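Enquirer: One structure, pasted below without further comment.
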Amino acid sequence: MRKLLLVSTIVSLGLSATAMAETVYFPEEIVPLQVGDKVIEHSFFSRVDELELAPGTYKFKLKYTDLYEQGYDDHQVVDSEPFWVSVTIEQGEDYDIVFNRADNAVAAKVFAESPQVSLQAKGSSLGIPLDSATEQKQSHSSHVVAAPTAQAQPVAVAPVAVNAPISQSAPAPTVQGAPSAAAMLDFWWQQASPQQQQAFLDKVIKKGAN
């Protein structure tokens with residue numbers, strides 16, 4: 001009886017922790033790199049596009065990266081430096097990170113110099129602008145890089161959330177002017193770490209040998 005009571009208590013606590021976790025969703029152009037001092041792991045073929053967090057205030061380290069067509073079978077990747085934003089998660093609310101996507105690569109480069117994103121509650125049409133600070137600015141402001149307090153530490157993210165494949169690996173194809181396979185591959189190649197690139201090459205070589 002005591003064993004059954006213990007198991008029931010553990011299950012109850014697990015369900016309670018899950019119920020308290022809220023979800024933040026990211027568009028494919030905004031990549032979450034870090035929450036406080038917790039680094040988010042991405043793989044070459046998948047990336048994290050949502051995070052489950054307990055209510056509280058967090059520092060998000062983000063990066064803007066986008067792909068623009070420059071003509072037939074030609075494209076340009078636009079990246080920003082990593083930047084930090086402060087995000088407050090309320091209990092019972094799920095959120096989207098939103099931004100105004102530039103119409104062309106020239107405007108995207110301007111945006112990348114000083115990315116501006118907003119936090120928008122699910123079901124709301126109004127986003128709350130988030131103050132951003134680049135890595136360089138953070139070196140002059142110690143409080144910006146401080147990790148969340150003990151009460152605001154991220155809850156353990158379920159493996160499906162950390163390693164969840166992105167719903168779209170690159171901008172969705174259109175009927176006309178769709179990104180080519182080579183452009184898509186090059187886009188994600190530039191996002192991968194050297195270790196991920198080498199692992200991909202090893203896999204290609206192995207398949208070629210077969």
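To be explicit about the labels: the chains of the structure tokens are called A, B, and onward in the order shown, and within each one the residues are counted from 1, while ligands get numbers from 1 in the order they are shown.
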Counting only C-alpha atoms, what is within 10 Å of Val117 of chain A, bar same-chain residues fewer than 4 positions away, as a PyMOL selection string?

Expert: chain A and resi 30+62+64+85+97-100+127-132

Enquirer: Export, as an mmCIF file, in the first residue's frame, the selected residues with N, CA and C atoms.

Expert:
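Below you can see out29.cif, which holds the result:
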data_model
loop_
_atom_site.group_PDB
_atom_site.id
_atom_site.type_symbol
_atom_site.label_atom_id
_atom_site.label_comp_id
_atom_site.auth_asym_id
_atom_site.auth_seq_id
_atom_site.Cartn_x
_atom_site.Cartn_y
_atom_site.Cartn_z
ATOM 1 N N ILE A 30 13.987 32.881 -36.639
ATOM 2 C CA ILE A 30 14.533 33.248 -35.330
ATOM 3 C C ILE A 30 14.931 31.954 -34.603
ATOM 4 N N LEU A 62 19.145 34.709 -28.979
ATOM 5 C CA LEU A 62 18.543 34.385 -30.265
ATOM 6 C C LEU A 62 19.465 34.775 -31.418
ATOM 7 N N TYR A 64 18.966 35.761 -35.747
ATOM 8 C CA TYR A 64 18.121 35.910 -36.938
ATOM 9 C C TYR A 64 18.879 35.374 -38.148
ATOM 10 N N VAL A 85 17.292 38.854 -25.404
ATOM 11 C CA VAL A 85 16.061 39.551 -25.052
ATOM 12 C C VAL A 85 15.581 39.019 -23.708
ATOM 13 N N ILE A 97 7.077 34.022 -30.681
ATOM 14 C CA ILE A 97 8.039 35.082 -30.955
ATOM 15 C C ILE A 97 7.767 35.539 -32.387
ATOM 16 N N VAL A 98 7.482 36.818 -32.580
ATOM 17 C CA VAL A 98 7.107 37.324 -33.900
ATOM 18 C C VAL A 98 8.011 38.494 -34.283
ATOM 19 N N PHE A 99 8.074 38.774 -35.603
ATOM 20 C CA PHE A 99 8.842 39.905 -36.103
ATOM 21 C C PHE A 99 8.309 40.277 -37.477
ATOM 22 N N ASN A 100 8.677 41.452 -37.951
ATOM 23 C CA ASN A 100 8.268 41.890 -39.281
ATOM 24 C C ASN A 100 9.340 41.480 -40.280
ATOM 25 N N GLY A 127 1.564 42.143 -30.179
ATOM 26 C CA GLY A 127 2.814 41.646 -29.630
ATOM 27 C C GLY A 127 3.470 42.677 -28.731
ATOM 28 N N ILE A 128 4.219 42.189 -27.731
ATOM 29 C CA ILE A 128 4.955 43.076 -26.826
ATOM 30 C C ILE A 128 6.394 43.149 -27.304
ATOM 31 N N PRO A 129 6.884 44.320 -27.765
ATOM 32 C CA PRO A 129 8.278 44.436 -28.227
ATOM 33 C C PRO A 129 9.249 44.069 -27.115
ATOM 34 N N LEU A 130 10.305 43.341 -27.482
ATOM 35 C CA LEU A 130 11.318 42.908 -26.529
ATOM 36 C C LEU A 130 12.599 43.697 -26.759
ATOM 37 N N ASP A 131 13.139 44.280 -25.703
ATOM 38 C CA ASP A 131 14.410 44.986 -25.816
ATOM 39 C C ASP A 131 15.518 43.986 -26.105
ATOM 40 N N SER A 132 16.336 44.285 -27.101
ATOM 41 C CA SER A 132 17.401 43.367 -27.487
ATOM 42 C C SER A 132 18.762 43.991 -27.229
#

Enquirer: From a DSSP calculation on the backbone, collect every residue of segment 63-116 of chain A in strand (DSSP E) and output the set as a ChimeraX atom specification.

Expert: /A:63-71,74-79,83-89,95-98

Enquirer: Kindly give the distance, in Å, that separates atom CA of Ala192 of chain A and atom CA of Phe44 of chain A, rounded to a single decimal.

Expert: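 Computed distance, atom CA of Ala192 of chain A to atom CA of Phe44 of chain A, equals 5.5 Å.
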
Enquirer: In Å to one decimal, how far is atom CA of Val110 of chain A from atom CA of Glu41 of chain A?

Expert: 28.0 Å

Enquirer: Please identify all polymer residues within 8 Å of segment 22-26 of chain A, counting only C-alpha atoms, omitting same-chain residues fewer than 2 positions from it, and present them as a PyMOL selection string.

Expert: chain A and resi 19-20+28+30-32+49-55+89-98

Enquirer: In terms of the shortest atom-to-atom distance over only C-alpha atoms, which of A:Ile40, A:Lys109, A:Lys61, A:Leu33 is closest to Gln76 of chain A?

Expert: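 Closest to Gln76 of chain A of all the choices is A:Lys109.
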
Enquirer: Counting only C-alpha atoms, figure out which residue out of A:Asp186, A:Asp37, A:Asp202, A:Glu81 gets nearest to Phe111 of chain A.

Expert: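 Among A:Asp186, A:Asp37, A:Asp202, A:Glu81, it is A:Glu81 that comes nearest to Phe111 of chain A.
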
Enquirer: Which residues, written as JSON, numbers by chain, have at least one atom at most 9 Å from Asp79 of chain A, with only C-alpha atoms counted and residues fewer than 5 positions away on the same chain left out?

Expert: {"A": [63, 64, 65, 66, 67, 108, 109, 112, 113]}

Enquirer: Go ahead and write the selection's residues with C-alpha atoms as a compact mmCIF listing (two decimals), in the first residue's frame.

Expert:
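Result saved to out06.txt:
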# COMPACT_ATOMS: atom_id res chain seq x y z
CA LYS A 63 19.85 34.64 -33.82
CA TYR A 64 18.12 35.91 -36.94
CA THR A 65 18.83 34.00 -40.16
CA ASP A 66 16.89 34.23 -43.42
CA LEU A 67 17.10 33.14 -47.06
CA ALA A 108 16.85 42.16 -44.25
CA LYS A 109 20.47 43.27 -43.85
CA ALA A 112 19.97 42.09 -39.07
CA GLU A 113 22.03 45.02 -37.80

Enquirer: DSSP on the backbone: what in segment 10-135 of chain A comes out helix (DSSP H, G or I), as a PyMOL selection string?

Expert: chain A and resi 10-20+105-113+135

Enquirer: Include C-alpha atoms and write out the residues we just selected as a PDB file, in the first residue's frame.

Expert:
ATOM      1  CA  ILE A  10       5.426  10.749  -8.029  1.00  0.00           C
ATOM      2  CA  VAL A  11       2.960  10.592 -10.926  1.00  0.00           C
ATOM      3  CA  SER A  12       0.938  13.419  -9.403  1.00  0.00           C
ATOM      4  CA  LEU A  13       4.037  15.608  -9.026  1.00  0.00           C
ATOM      5  CA  GLY A  14       5.066  14.860 -12.618  1.00  0.00           C
ATOM      6  CA  LEU A  15       1.678  15.878 -13.973  1.00  0.00           C
ATOM      7  CA  SER A  16       1.743  19.047 -11.867  1.00  0.00           C
ATOM      8  CA  ALA A  17       5.155  20.092 -13.237  1.00  0.00           C
ATOM      9  CA  THR A  18       4.000  19.479 -16.806  1.00  0.00           C
ATOM     10  CA  ALA A  19       0.809  21.465 -16.264  1.00  0.00           C
ATOM     11  CA  MET A  20       2.841  24.460 -15.056  1.00  0.00           C
ATOM     12  CA  ALA A 105      17.650  40.999 -48.819  1.00  0.00           C
ATOM     13  CA  VAL A 106      18.662  44.668 -48.645  1.00  0.00           C
ATOM     14  CA  ALA A 107      16.008  45.422 -46.025  1.00  0.00           C
ATOM     15  CA  ALA A 108      16.847  42.155 -44.247  1.00  0.00           C
ATOM     16  CA  LYS A 109      20.474  43.271 -43.852  1.00  0.00           C
ATOM     17  CA  VAL A 110      19.282  46.473 -42.192  1.00  0.00           C
ATOM     18  CA  PHE A 111      17.070  44.439 -39.865  1.00  0.00           C
ATOM     19  CA  ALA A 112      19.966  42.087 -39.070  1.00  0.00           C
ATOM     20  CA  GLU A 113      22.028  45.019 -37.799  1.00  0.00           C
ATOM     21  CA  GLU A 135      26.839  40.122 -27.553  1.00  0.00           C
TER      22      GLU A 135
END

Enquirer: Would you work out the distance separating atom CA of Trp189 of chain A from atom CA of Ser80 of chain A, expressed in Å to one decimal?

Expert: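 So the answer is 16.4 Å.
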
Enquirer: Could you tell me which of A:Trp188, A:Tyr68, A:Trp84, A:Tyr58 comes closest to Ala102 of chain A if we count only C-alpha atoms?

Expert: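 Result for the nearest residue to Ala102 of chain A: A:Tyr68.
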
Enquirer: Pick the closest to Gly56 of chain A from A:Gln198, A:Gly123, A:Ala21, A:Ala133: which is it, counting only C-alpha atoms?

Expert: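 Ranking A:Gln198, A:Gly123, A:Ala21, A:Ala133 by distance to Gly56 of chain A, first place goes to A:Ala21.
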